[in-house]
>>> print(open('coords.tsv').read())   # TSV, C-alpha atoms
chain	number	residue	atom	x	y	z
A	1	MET	CA	114.00	-44.18	47.24
A	2	MET	CA	111.88	-45.04	50.29
A	3	GLU	CA	113.32	-48.56	50.51
A	4	GLU	CA	116.85	-47.20	50.65
A	5	SER	CA	116.28	-44.86	53.59
A	6	THR	CA	114.55	-47.63	55.58
A	7	ARG	CA	117.44	-49.96	54.95
A	8	GLY	CA	119.84	-47.17	55.93
A	9	ALA	CA	118.06	-46.76	59.24
A	10	GLU	CA	118.44	-50.45	60.03
A	11	MET	CA	122.14	-50.47	59.37
A	12	ALA	CA	124.72	-48.05	60.74
A	13	VAL	CA	124.69	-44.67	59.03
A	14	SER	CA	126.64	-45.50	55.96
A	15	SER	CA	128.48	-42.34	55.00
A	16	THR	CA	131.86	-43.78	55.95
A	17	PRO	CA	132.25	-47.53	56.41
A	18	PRO	CA	133.04	-48.35	60.04
A	19	PHE	CA	136.08	-50.45	60.87
A	20	GLY	CA	135.29	-54.18	60.76
A	21	GLY	CA	132.60	-53.43	58.24
A	22	SER	CA	130.74	-56.71	58.52
A	23	THR	CA	127.54	-55.15	59.83
A	24	ALA	CA	127.49	-52.16	57.48
A	25	ALA	CA	125.68	-52.43	54.16
A	26	LEU	CA	127.77	-53.01	51.05
A	27	ARG	CA	127.19	-49.70	49.25
A	28	ILE	CA	126.91	-49.87	45.51
A	29	LEU	CA	126.77	-47.11	42.91
A	30	ILE	CA	125.10	-48.11	39.64
A	31	VAL	CA	125.79	-46.36	36.36
A	32	ASP	CA	123.88	-46.81	33.10
A	33	ASP	CA	122.29	-44.38	30.69
A	34	HIS	CA	119.13	-46.50	30.30
A	35	ASP	CA	116.63	-45.89	33.09
A	36	ILE	CA	115.04	-49.27	32.66
A	37	LEU	CA	118.36	-51.05	33.04
A	38	ARG	CA	119.19	-49.18	36.23
A	39	ARG	CA	115.80	-50.12	37.59
A	40	GLY	CA	116.43	-53.78	36.90
A	41	LEU	CA	119.96	-53.64	38.31
A	42	LYS	CA	118.70	-51.95	41.45
A	43	GLU	CA	116.02	-54.67	41.88
A	44	ILE	CA	118.57	-57.46	41.66
A	45	LEU	CA	121.19	-55.83	43.89
A	46	ASN	CA	118.83	-54.47	46.58
A	47	ALA	CA	117.31	-57.93	46.94
A	48	LYS	CA	120.53	-59.23	48.47
A	49	PRO	CA	120.45	-58.73	52.24
A	50	GLY	CA	123.29	-56.48	53.27
A	51	TRP	CA	123.63	-54.85	49.86
A	52	GLU	CA	122.37	-51.37	49.14
A	53	VAL	CA	122.31	-49.34	45.96
A	54	CYS	CA	123.31	-46.00	47.48
A	55	ALA	CA	123.02	-43.96	44.28
A	56	GLU	CA	122.47	-44.10	40.52
A	57	ALA	CA	124.19	-42.21	37.75
A	58	LYS	CA	123.19	-41.76	34.15
A	59	THR	CA	126.52	-40.64	32.71
A	60	GLY	CA	130.24	-41.21	33.25
A	61	LYS	CA	130.62	-37.67	34.58
A	62	GLU	CA	127.83	-38.10	37.13
A	63	ALA	CA	129.41	-41.42	38.13
A	64	VAL	CA	132.76	-39.82	38.92
A	65	ALA	CA	131.13	-36.98	40.88
A	66	LEU	CA	128.84	-39.30	42.88
A	67	ALA	CA	131.66	-41.77	43.57
A	68	GLU	CA	133.89	-39.03	44.91
A	69	LYS	CA	131.06	-37.71	47.07
A	70	LEU	CA	129.61	-40.97	48.42
A	71	LYS	CA	132.66	-43.27	48.36
A	72	PRO	CA	130.76	-46.49	47.58
A	73	GLN	CA	132.52	-49.81	48.04
A	74	ILE	CA	131.39	-51.03	44.63
A	75	VAL	CA	130.60	-49.35	41.33
A	76	VAL	CA	128.63	-51.33	38.71
A	77	MET	CA	128.97	-49.49	35.44
A	78	ASP	CA	127.96	-49.86	31.81
A	79	ILE	CA	131.06	-49.57	29.70
A	80	SER	CA	129.41	-47.67	26.86
A	81	MET	CA	127.72	-44.41	27.68
A	82	PRO	CA	127.43	-41.12	25.84
A	83	ASP	CA	129.85	-38.35	26.81
A	84	LEU	CA	132.42	-39.79	29.20
A	85	ASN	CA	132.65	-43.54	28.55
A	86	GLY	CA	132.89	-46.21	31.26
A	87	LEU	CA	136.61	-46.95	30.91
A	88	GLU	CA	137.60	-43.33	31.31
A	89	ALA	CA	135.17	-42.82	34.21
A	90	ALA	CA	136.67	-45.91	35.86
A	91	ARG	CA	140.21	-44.58	35.47
A	92	ARG	CA	139.17	-41.39	37.25
A	93	ILE	CA	137.23	-43.17	39.98
A	94	HIS	CA	140.10	-45.58	40.56
A	95	ARG	CA	142.58	-42.74	40.88
A	96	ALA	CA	140.37	-40.99	43.45
A	97	LEU	CA	139.24	-44.14	45.29
A	98	PRO	CA	141.74	-46.96	44.79
A	99	LYS	CA	139.88	-49.25	47.20
A	100	THR	CA	136.55	-49.06	45.40
A	101	GLY	CA	135.81	-52.18	43.35
A	102	ILE	CA	134.61	-51.45	39.83
A	103	LEU	CA	132.60	-53.97	37.80
A	104	PHE	CA	131.72	-53.35	34.18
A	105	LEU	CA	128.67	-54.43	32.23
A	106	THR	CA	129.35	-54.98	28.58
A	107	MET	CA	127.58	-56.23	25.47
A	108	HIS	CA	130.62	-57.93	23.97
A	109	PHE	CA	133.54	-60.02	24.95
A	110	SER	CA	137.01	-59.37	23.54
A	111	ASP	CA	140.61	-59.96	24.57
A	112	GLN	CA	141.30	-56.29	24.08
A	113	LEU	CA	138.53	-55.48	26.52
A	114	VAL	CA	139.94	-57.66	29.29
A	115	ARG	CA	143.24	-55.81	29.00
A	116	GLU	CA	141.58	-52.40	29.03
A	117	VAL	CA	139.43	-53.28	32.02
A	118	ILE	CA	142.40	-54.35	34.09
A	119	GLU	CA	144.54	-51.43	33.00
A	120	CYS	CA	141.97	-48.86	34.07
A	121	GLY	CA	141.83	-50.30	37.57
A	122	ALA	CA	138.53	-52.14	37.40
A	123	ARG	CA	138.24	-55.64	38.87
A	124	GLY	CA	136.10	-57.30	36.29
A	125	TYR	CA	133.31	-57.35	33.78
A	126	ILE	CA	130.26	-59.39	32.98
A	127	LEU	CA	128.20	-59.61	29.84
A	128	LYS	CA	124.74	-58.09	30.17
A	129	SER	CA	123.28	-61.26	28.71
A	130	ASP	CA	124.88	-63.34	31.50
A	131	ALA	CA	123.70	-61.02	34.26
A	132	ASP	CA	121.34	-63.57	35.83
A	133	ARG	CA	124.12	-65.95	36.44
A	134	ASP	CA	127.05	-63.64	36.98
A	135	LEU	CA	126.01	-60.35	38.59
A	136	VAL	CA	125.65	-61.41	42.20
A	137	ALA	CA	128.70	-63.68	42.07
A	138	ALA	CA	130.73	-60.90	40.47
A	139	VAL	CA	129.82	-58.26	43.06
A	140	ASP	CA	130.50	-60.81	45.80
A	141	CYS	CA	133.99	-61.55	44.46
A	142	ILE	CA	134.86	-57.94	43.98
A	143	ALA	CA	133.59	-57.02	47.46
A	144	ASN	CA	136.06	-59.61	48.74
A	145	ARG	CA	138.89	-58.04	46.81
A	146	ARG	CA	138.98	-60.67	44.10
A	147	THR	CA	138.43	-60.18	40.41
A	148	PHE	CA	135.62	-61.54	38.31
A	149	PHE	CA	135.60	-61.94	34.59
A	150	THR	CA	133.09	-63.79	32.47
A	151	SER	CA	134.15	-67.40	32.18
A	152	ARG	CA	135.44	-66.77	28.66
A	153	ALA	CA	137.83	-64.10	29.90
A	154	SER	CA	139.00	-66.37	32.70
A	155	GLU	CA	140.00	-69.00	30.15
A	156	MET	CA	142.17	-66.45	28.46
A	157	LEU	CA	143.78	-65.33	31.70
A	158	LEU	CA	144.48	-68.88	32.86
A	159	GLY	CA	145.78	-69.80	29.41
A	160	GLY	CA	148.98	-67.93	30.31
A	161	GLN	CA	149.01	-65.78	27.24
A	162	ALA	CA	151.50	-62.93	26.82
A	163	PHE	CA	148.90	-60.62	28.33
A	164	LEU	CA	149.75	-61.98	31.78
A	165	GLY	CA	153.13	-60.28	31.49
A	166	ILE	CA	151.42	-56.93	32.06
A	167	SER	CA	151.43	-56.19	35.76
A	168	VAL	CA	148.40	-54.34	36.95
A	169	SER	CA	150.27	-51.62	38.80
A	170	GLU	CA	152.54	-50.67	35.93
A	171	PRO	CA	150.72	-51.24	32.71
A	172	LYS	CA	152.79	-51.28	29.53
A	173	LEU	CA	152.05	-48.27	27.41
A	174	PRO	CA	150.46	-49.09	24.10
A	175	LEU	CA	150.05	-46.17	21.74
A	176	ARG	CA	146.58	-45.20	22.90
A	177	SER	CA	147.69	-44.73	26.51
A	178	ARG	CA	149.83	-41.83	25.42
A	179	LEU	CA	146.59	-39.89	24.95
A	180	THR	CA	145.80	-37.67	27.91
A	181	SER	CA	142.56	-38.01	29.80
A	182	ARG	CA	141.18	-34.95	28.05
A	183	GLU	CA	142.24	-36.27	24.66
A	184	ARG	CA	140.42	-39.55	25.28
A	185	GLU	CA	137.30	-37.60	26.15
A	186	ILE	CA	137.59	-35.68	22.89
A	187	VAL	CA	138.09	-38.88	20.87
A	188	GLN	CA	134.70	-40.01	22.09
A	189	LEU	CA	132.97	-36.74	21.21
A	190	LEU	CA	134.56	-36.62	17.76
A	191	ALA	CA	133.71	-40.25	17.09
A	192	GLU	CA	130.11	-39.48	18.03
A	193	GLY	CA	130.05	-37.04	15.16
A	194	LYS	CA	130.59	-33.73	16.93
A	195	SER	CA	132.43	-30.94	15.15
A	196	SER	CA	135.33	-29.09	16.81
A	197	LYS	CA	132.90	-26.28	17.55
A	198	GLU	CA	130.49	-28.68	19.28
A	199	VAL	CA	133.35	-30.31	21.17
A	200	ALA	CA	134.45	-26.89	22.38
A	201	ALA	CA	130.93	-26.06	23.53
A	202	ALA	CA	130.51	-29.42	25.25
A	203	LEU	CA	133.75	-29.09	27.22
A	204	GLY	CA	133.67	-25.33	27.84
A	205	ILE	CA	136.92	-24.71	25.98
A	206	SER	CA	137.72	-22.47	23.03
A	207	VAL	CA	137.31	-23.76	19.48
A	208	LYS	CA	141.04	-23.17	18.92
A	209	THR	CA	141.89	-25.37	21.91
A	210	ALA	CA	139.51	-28.06	20.69
A	211	GLU	CA	141.13	-27.99	17.27
A	212	THR	CA	144.60	-28.21	18.80
A	213	HIS	CA	143.55	-31.25	20.80
A	214	ARG	CA	142.08	-32.81	17.67
A	215	ALA	CA	145.32	-32.27	15.75
A	216	ASN	CA	147.38	-33.74	18.59
A	217	ILE	CA	145.11	-36.76	18.79
A	218	MET	CA	145.32	-37.47	15.06
A	219	ARG	CA	149.09	-37.10	15.20
A	220	LYS	CA	149.56	-39.36	18.25
A	221	LEU	CA	147.29	-42.04	16.82
A	222	GLU	CA	148.76	-41.62	13.34
A	223	ILE	CA	145.34	-41.37	11.72
A	224	HIS	CA	144.16	-38.96	9.09
A	225	SER	CA	140.40	-39.01	8.89
A	226	VAL	CA	137.33	-39.02	11.08
A	227	SER	CA	136.33	-42.45	9.81
A	228	GLU	CA	139.66	-43.87	11.00
A	229	LEU	CA	139.00	-42.17	14.31
A	230	VAL	CA	135.59	-43.80	14.53
A	231	ARG	CA	137.09	-47.20	13.77
A	232	TYR	CA	139.73	-46.64	16.44
A	233	ALA	CA	137.04	-45.59	18.93
A	234	ILE	CA	134.97	-48.70	18.24
A	235	LYS	CA	137.98	-50.98	18.43
A	236	ASN	CA	138.99	-49.53	21.78
A	237	GLN	CA	135.48	-49.62	23.20
A	238	ILE	CA	135.24	-45.87	23.42
A	239	ILE	CA	131.95	-45.98	21.54
A	240	GLU	CA	129.62	-48.82	20.82
A	241	ALA	CA	129.38	-50.20	17.30
B	242	MET	CA	93.56	-58.07	33.43
B	243	PRO	CA	95.86	-57.86	30.42
B	244	ARG	CA	98.82	-60.21	30.57
B	245	VAL	CA	102.30	-59.24	29.40
B	246	LEU	CA	105.26	-61.43	28.48
B	247	ILE	CA	108.84	-60.18	28.10
B	248	VAL	CA	111.44	-61.69	25.78
B	249	ASP	CA	114.87	-60.14	26.26
B	250	ASP	CA	118.33	-61.60	26.71
B	251	HIS	CA	119.30	-59.03	29.36
B	252	ALA	CA	118.20	-59.88	32.88
B	253	PHE	CA	118.28	-56.22	33.91
B	254	VAL	CA	115.76	-55.30	31.29
B	255	ARG	CA	113.46	-58.17	32.29
B	256	ARG	CA	113.79	-57.20	35.94
B	257	GLY	CA	113.18	-53.51	35.15
B	258	VAL	CA	110.04	-54.35	33.16
B	259	GLN	CA	108.79	-56.60	35.97
B	260	ASN	CA	109.31	-53.83	38.47
B	261	ILE	CA	107.33	-51.36	36.37
B	262	VAL	CA	104.49	-53.78	35.58
B	263	ASP	CA	104.27	-54.72	39.28
B	264	SER	CA	103.53	-51.12	40.16
B	265	PHE	CA	100.49	-51.04	37.84
B	266	PRO	CA	97.88	-53.33	39.37
B	267	ASP	CA	95.80	-53.55	36.21
B	268	TRP	CA	98.65	-55.30	34.37
B	269	GLU	CA	100.24	-58.67	35.01
B	270	LEU	CA	103.63	-60.00	33.90
B	271	CYS	CA	102.82	-63.62	33.12
B	272	GLY	CA	106.22	-64.82	31.90
B	273	GLU	CA	109.70	-64.08	30.69
B	274	ALA	CA	112.08	-65.65	28.21
B	275	SER	CA	115.72	-64.91	27.50
B	276	ASN	CA	115.87	-65.89	23.83
B	277	GLY	CA	113.70	-65.92	20.73
B	278	GLY	CA	113.17	-69.67	20.55
B	279	ASP	CA	112.03	-69.99	24.18
B	280	GLY	CA	109.98	-66.84	23.72
B	281	VAL	CA	107.99	-68.27	20.81
B	282	ARG	CA	107.29	-71.50	22.74
B	283	MET	CA	106.31	-69.65	25.89
B	284	ILE	CA	103.99	-67.33	23.96
B	285	GLU	CA	102.25	-70.33	22.47
B	286	GLU	CA	101.77	-71.90	25.87
B	287	LEU	CA	100.85	-68.87	27.92
B	288	ARG	CA	98.93	-66.84	25.31
B	289	PRO	CA	99.73	-63.37	26.71
B	290	ASP	CA	97.83	-60.33	25.47
B	291	VAL	CA	100.99	-58.32	24.77
B	292	VAL	CA	104.58	-59.35	24.18
B	293	LEU	CA	107.57	-57.08	24.73
B	294	MET	CA	110.13	-58.42	22.30
B	295	ASP	CA	113.77	-57.40	22.29
B	296	VAL	CA	115.06	-57.09	18.74
B	297	SER	CA	118.71	-58.06	19.16
B	298	MET	CA	119.07	-61.44	20.73
B	299	PRO	CA	121.54	-64.18	19.76
B	300	GLY	CA	120.06	-67.07	17.80
B	301	MET	CA	116.52	-66.17	16.75
B	302	ASP	CA	116.20	-62.39	16.85
B	303	GLY	CA	113.08	-60.41	17.73
B	304	ILE	CA	111.97	-59.86	14.14
B	305	GLU	CA	112.17	-63.59	13.29
B	306	ALA	CA	110.40	-64.39	16.54
B	307	THR	CA	107.66	-61.89	15.66
B	308	ARG	CA	107.16	-63.62	12.30
B	309	ALA	CA	106.99	-67.00	14.00
B	310	VAL	CA	104.36	-65.78	16.46
B	311	ARG	CA	102.31	-64.14	13.72
B	312	LYS	CA	102.16	-67.39	11.76
B	313	GLY	CA	100.26	-69.00	14.57
B	314	ASN	CA	98.31	-66.04	15.91
B	315	SER	CA	97.06	-62.73	14.67
B	316	ARG	CA	95.66	-61.42	17.92
B	317	ILE	CA	98.65	-61.21	20.24
B	318	LYS	CA	100.11	-57.72	20.31
B	319	ILE	CA	103.87	-57.43	19.91
B	320	ILE	CA	105.95	-54.41	20.90
B	321	LEU	CA	109.56	-54.51	19.71
B	322	ILE	CA	112.14	-53.09	22.12
B	323	THR	CA	115.44	-51.92	20.74
B	324	LEU	CA	118.47	-49.74	21.39
B	325	HIS	CA	118.35	-48.38	17.89
B	326	GLU	CA	116.24	-45.62	16.46
B	327	SER	CA	116.27	-47.02	12.95
B	328	VAL	CA	113.71	-46.47	10.23
B	329	GLU	CA	114.81	-49.69	8.51
B	330	LEU	CA	114.24	-51.65	11.66
B	331	LEU	CA	110.87	-49.95	12.11
B	332	ARG	CA	109.94	-50.99	8.60
B	333	SER	CA	111.06	-54.62	9.00
B	334	GLY	CA	109.43	-54.81	12.39
B	335	PHE	CA	106.04	-53.69	11.17
B	336	ARG	CA	106.33	-55.85	8.04
B	337	ALA	CA	106.97	-58.81	10.31
B	338	GLY	CA	103.76	-58.00	12.15
B	339	ALA	CA	104.78	-55.93	15.17
B	340	ASN	CA	102.30	-53.47	16.69
B	341	GLY	CA	104.83	-51.27	18.39
B	342	TYR	CA	108.43	-50.07	18.50
B	343	LEU	CA	109.81	-48.90	21.85
B	344	LEU	CA	113.31	-47.57	22.41
B	345	LYS	CA	115.26	-48.89	25.40
B	346	ALA	CA	116.27	-45.33	26.22
B	347	ASP	CA	112.58	-44.39	26.65
B	348	ALA	CA	111.45	-47.70	28.01
B	349	GLU	CA	111.06	-46.67	31.61
B	350	GLU	CA	108.90	-43.63	30.87
B	351	GLU	CA	107.02	-45.02	27.90
B	352	LEU	CA	106.38	-48.64	28.79
B	353	ILE	CA	102.90	-48.35	30.25
B	354	ASN	CA	101.88	-45.88	27.56
B	355	ALA	CA	103.02	-48.33	24.87
B	356	LEU	CA	101.17	-51.24	26.50
B	357	ARG	CA	97.94	-49.24	26.79
B	358	ILE	CA	98.09	-48.06	23.20
B	359	VAL	CA	98.61	-51.48	21.65
B	360	ILE	CA	96.05	-53.21	23.85
B	361	GLY	CA	93.61	-50.61	22.58
B	362	ASP	CA	94.38	-51.82	19.04
B	363	GLY	CA	96.64	-48.88	18.19
B	364	CYS	CA	100.27	-48.93	17.11
B	365	TYR	CA	102.88	-47.49	19.38
B	366	ILE	CA	105.99	-45.87	17.98
B	367	SER	CA	108.61	-44.09	20.03
B	368	PRO	CA	108.08	-40.31	20.05
B	369	LYS	CA	111.76	-39.93	19.10
B	370	PHE	CA	110.87	-40.75	15.49
B	371	ASP	CA	109.87	-37.93	13.20
B	372	PRO	CA	106.09	-38.32	12.76
B	373	GLN	CA	106.34	-37.69	9.03
B	374	VAL	CA	108.86	-40.48	8.62
B	375	VAL	CA	106.61	-42.77	10.61
B	376	ALA	CA	103.58	-41.86	8.50
B	377	GLN	CA	105.58	-42.67	5.38
B	378	VAL	CA	106.65	-46.09	6.65
B	379	LEU	CA	103.14	-47.00	7.74
B	380	LYS	CA	101.72	-45.92	4.40
B	381	GLU	CA	104.18	-48.29	2.70
B	382	ILE	CA	103.10	-51.14	4.88
B	383	GLN	CA	99.36	-50.63	5.02
B	384	PRO	CA	98.51	-48.64	1.92
B	385	ALA	CA	94.81	-49.27	2.39
B	386	SER	CA	94.66	-47.52	5.76
B	387	ALA	CA	96.91	-44.49	5.64
B	388	LYS	CA	95.46	-43.39	8.98
B	389	GLN	CA	97.85	-42.09	11.59
B	390	PRO	CA	98.60	-44.64	14.26
B	391	ILE	CA	97.03	-43.95	17.61
B	392	GLY	CA	100.47	-43.83	19.27
B	393	GLN	CA	101.65	-40.82	17.33
B	394	ILE	CA	98.38	-38.94	17.56
B	395	SER	CA	98.23	-39.29	21.31
B	396	HIS	CA	101.71	-37.76	21.55
B	397	ARG	CA	100.97	-34.79	19.39
B	398	ASN	CA	97.59	-34.01	20.92
B	399	ASP	CA	98.85	-34.56	24.44
B	400	ALA	CA	98.33	-31.31	26.33
B	401	GLU	CA	101.26	-32.00	28.66
B	402	GLY	CA	103.63	-32.59	25.78
B	403	PRO	CA	105.75	-35.66	25.06
>>> encode(input="coords.tsv", output="structure tokens")
Amino acid sequence: MMEESTRGAEMAVSSTPPFGGSTAALRILIVDDHDILRRGLKEILNAKPGWEVCAEAKTGKEAVALAEKLKPQIVVMDISMPDLNGLEAARRIHRALPKTGILFLTMHFSDQLVREVIECGARGYILKSDADRDLVAAVDCIANRRTFFTSRASEMLLGGQAFLGISVSEPKLPLRSRLTSREREIVQLLAEGKSSKEVAAALGISVKTAETHRANIMRKLEIHSVSELVRYAIKNQIIEA
Amino acid sequence: MPRVLIVDDHAFVRRGVQNIVDSFPDWELCGEASNGGDGVRMIEELRPDVVLMDVSMPGMDGIEATRAVRKGNSRIKIILITLHESVELLRSGFRAGANGYLLKADAEEELINALRIVIGDGCYISPKFDPQVVAQVLKEIQPASAKQPIGQISHRNDAEGP
């Protein structure tokens, strides 16, 4: 952490970005459950003059709390994490801090994913395997209020597919969006193999409440078994395959 | 000064490993590759002492790459790095000739430990595995020497705990 405080001393105190903003550091929050990945991310991002990793989070929940506290300009976040997943964390961060640019790191590309990423308020994603090439460019774009998707996603967007009919501010409501925020959280826990009792303990709610949520979820999604739930969770990037 | 080479398709992992190795002056990162094919070629050219080999890479994966390296050389140590705590993968990895199995989740804490163990001719296996399961797998692979690998013993006898 020594490097960060030195950099902080050189720039203006960066708790709130000053007007103009061109001399203040670009403050970035990084989120990944693997320590070694965060280390590497920090190396790459801190090396850019004017950029500063202001904090790191290991889980989606920590990410939301730190973002609300520190108000970074950029959040670079792994999409798949235990407990609260990246998409849900992004939705919450975006609601609290609509100006913060969120960039996802993912293992896979899919059309579905591009949709989800935009609908939750993030401004882009890059594949972890393309990080060399794409990370700096992506953060740059997003810092300048543009979006950045891996080149494969861009082809899809420019191809004028039906997807473009969804406006970012009023997303259409596919079935899964009718799940509440809490319900989405529970889908992840159930898909990770937790019982209703364990879900209740994890969230600090009663077992009866957890079971009610579970029943509502199954009904809304029109599924009847945990294995269908797991498949749904994988398909919607709530857990990693 | 033992020389390490990293083969992993994720730049963050390569950068993270470099950062850790840089902070230990008795180790040197001599090269990096982002896929199995390049990795095998680079290993042949640079002859590192230890290779950190990611298992899941597109094209030639880490297990195939391990086999390819073993064909040419029996002395280079290879530590597989993977997301998955899988006994099957452990088995295939050691059958292919790996000397170690490190989980990405532990990689930051365990990296130097793993490097030291394999360079000392031991095998390193992530402490997350049940030692009895590990002993079983190793017995299957090297029935002649059913000795415990140094990696597991050092964890169990470690006064400070894992």
>>> interface_residues(input="coords.tsv", of="chain B", to="chain A", cutoff="7 Å", atoms="only C-alpha atoms", output="PyMOL selection string")
chain B and resi 250-254+256-257+345-346+348-349
>>> atom_distance(input="coords.tsv", atom1="CA of Arg311 in chain B", atom2="CA of Ser297 in chain B")
18.3 Å
>>> atom_distance(input="coords.tsv", atom1="CA of Thr209 in chain A", atom2="CA of Arg95 in chain A")
25.7 Å
>>> residues_around(input="coords.tsv", residues="Gly341 in chain B", least_positions_apart="3", cutoff="8 Å", atoms="all atoms listed in the file", output="NGL selection string")
:B and (319-321 or 335 or 355 or 359 or 364-366)
>>> atom_distance(input="coords.tsv", atom1="CA of Ile93 in chain A", atom2="CA of Val64 in chain A")
5.7 Å
>>> residues_around(input="coords.tsv", residues="Phe370 in chain B", least_positions_apart="4", cutoff="9 Å", atoms="only C-alpha atoms", output="NGL selection string")
:B and (326-328 or 366 or 374-375)
>>> residues_around(input="coords.tsv", residues="Gly101 in chain A", least_positions_apart="5", cutoff="12 Å", atoms="all atoms listed in the file", output="PDB file with C-alpha atoms, in the coordinates of the input")
ATOM      1  CA  LEU A  26     127.770 -53.010  51.050  1.00  0.00           C
ATOM      2  CA  ARG A  27     127.190 -49.700  49.250  1.00  0.00           C
ATOM      3  CA  ILE A  28     126.910 -49.870  45.510  1.00  0.00           C
ATOM      4  CA  LEU A  29     126.770 -47.110  42.910  1.00  0.00           C
ATOM      5  CA  ALA A  67     131.660 -41.770  43.570  1.00  0.00           C
ATOM      6  CA  LYS A  71     132.660 -43.270  48.360  1.00  0.00           C
ATOM      7  CA  PRO A  72     130.760 -46.490  47.580  1.00  0.00           C
ATOM      8  CA  GLN A  73     132.520 -49.810  48.040  1.00  0.00           C
ATOM      9  CA  ILE A  74     131.390 -51.030  44.630  1.00  0.00           C
ATOM     10  CA  VAL A  75     130.600 -49.350  41.330  1.00  0.00           C
ATOM     11  CA  VAL A  76     128.630 -51.330  38.710  1.00  0.00           C
ATOM     12  CA  MET A  77     128.970 -49.490  35.440  1.00  0.00           C
ATOM     13  CA  ALA A  90     136.670 -45.910  35.860  1.00  0.00           C
ATOM     14  CA  ARG A  91     140.210 -44.580  35.470  1.00  0.00           C
ATOM     15  CA  ILE A  93     137.230 -43.170  39.980  1.00  0.00           C
ATOM     16  CA  HIS A  94     140.100 -45.580  40.560  1.00  0.00           C
ATOM     17  CA  ARG A  95     142.580 -42.740  40.880  1.00  0.00           C
ATOM     18  CA  VAL A 117     139.430 -53.280  32.020  1.00  0.00           C
ATOM     19  CA  ILE A 118     142.400 -54.350  34.090  1.00  0.00           C
ATOM     20  CA  CYS A 120     141.970 -48.860  34.070  1.00  0.00           C
ATOM     21  CA  GLY A 121     141.830 -50.300  37.570  1.00  0.00           C
ATOM     22  CA  ALA A 122     138.530 -52.140  37.400  1.00  0.00           C
ATOM     23  CA  ARG A 123     138.240 -55.640  38.870  1.00  0.00           C
ATOM     24  CA  GLY A 124     136.100 -57.300  36.290  1.00  0.00           C
ATOM     25  CA  TYR A 125     133.310 -57.350  33.780  1.00  0.00           C
ATOM     26  CA  ALA A 138     130.730 -60.900  40.470  1.00  0.00           C
ATOM     27  CA  VAL A 139     129.820 -58.260  43.060  1.00  0.00           C
ATOM     28  CA  ASP A 140     130.500 -60.810  45.800  1.00  0.00           C
ATOM     29  CA  CYS A 141     133.990 -61.550  44.460  1.00  0.00           C
ATOM     30  CA  ILE A 142     134.860 -57.940  43.980  1.00  0.00           C
ATOM     31  CA  ALA A 143     133.590 -57.020  47.460  1.00  0.00           C
ATOM     32  CA  ASN A 144     136.060 -59.610  48.740  1.00  0.00           C
ATOM     33  CA  ARG A 145     138.890 -58.040  46.810  1.00  0.00           C
ATOM     34  CA  ARG A 146     138.980 -60.670  44.100  1.00  0.00           C
ATOM     35  CA  THR A 147     138.430 -60.180  40.410  1.00  0.00           C
ATOM     36  CA  PHE A 148     135.620 -61.540  38.310  1.00  0.00           C
TER      37      PHE A 148
END
>>> residues_near_point(input="coords.tsv", point="(137.4, -24.7, 26.5)", cutoff="12 Å", atoms="all atoms listed in the file", output="count of residues only")
20
>>> closest_residue(input="coords.tsv", among="B:Ile353, B:Gly313, B:Val291, B:Leu246", to="Pro266 in chain B", atoms="only C-alpha atoms")
B:Ile353
>>> closest_residue(input="coords.tsv", among="B:Gln373, B:Gly334, B:Leu293, B:Arg288", to="Arg255 in chain B", atoms="only C-alpha atoms")
B:Leu293
>>> axis_aligned_box(input="coords.tsv", around="range 343-362 of chain B", padding_each_side="5 Å", output="JSON")
{"center_x": 104.9, "center_y": -48.4, "center_z": 25.3, "size_x": 32.7, "size_y": 19.6, "size_z": 22.6}
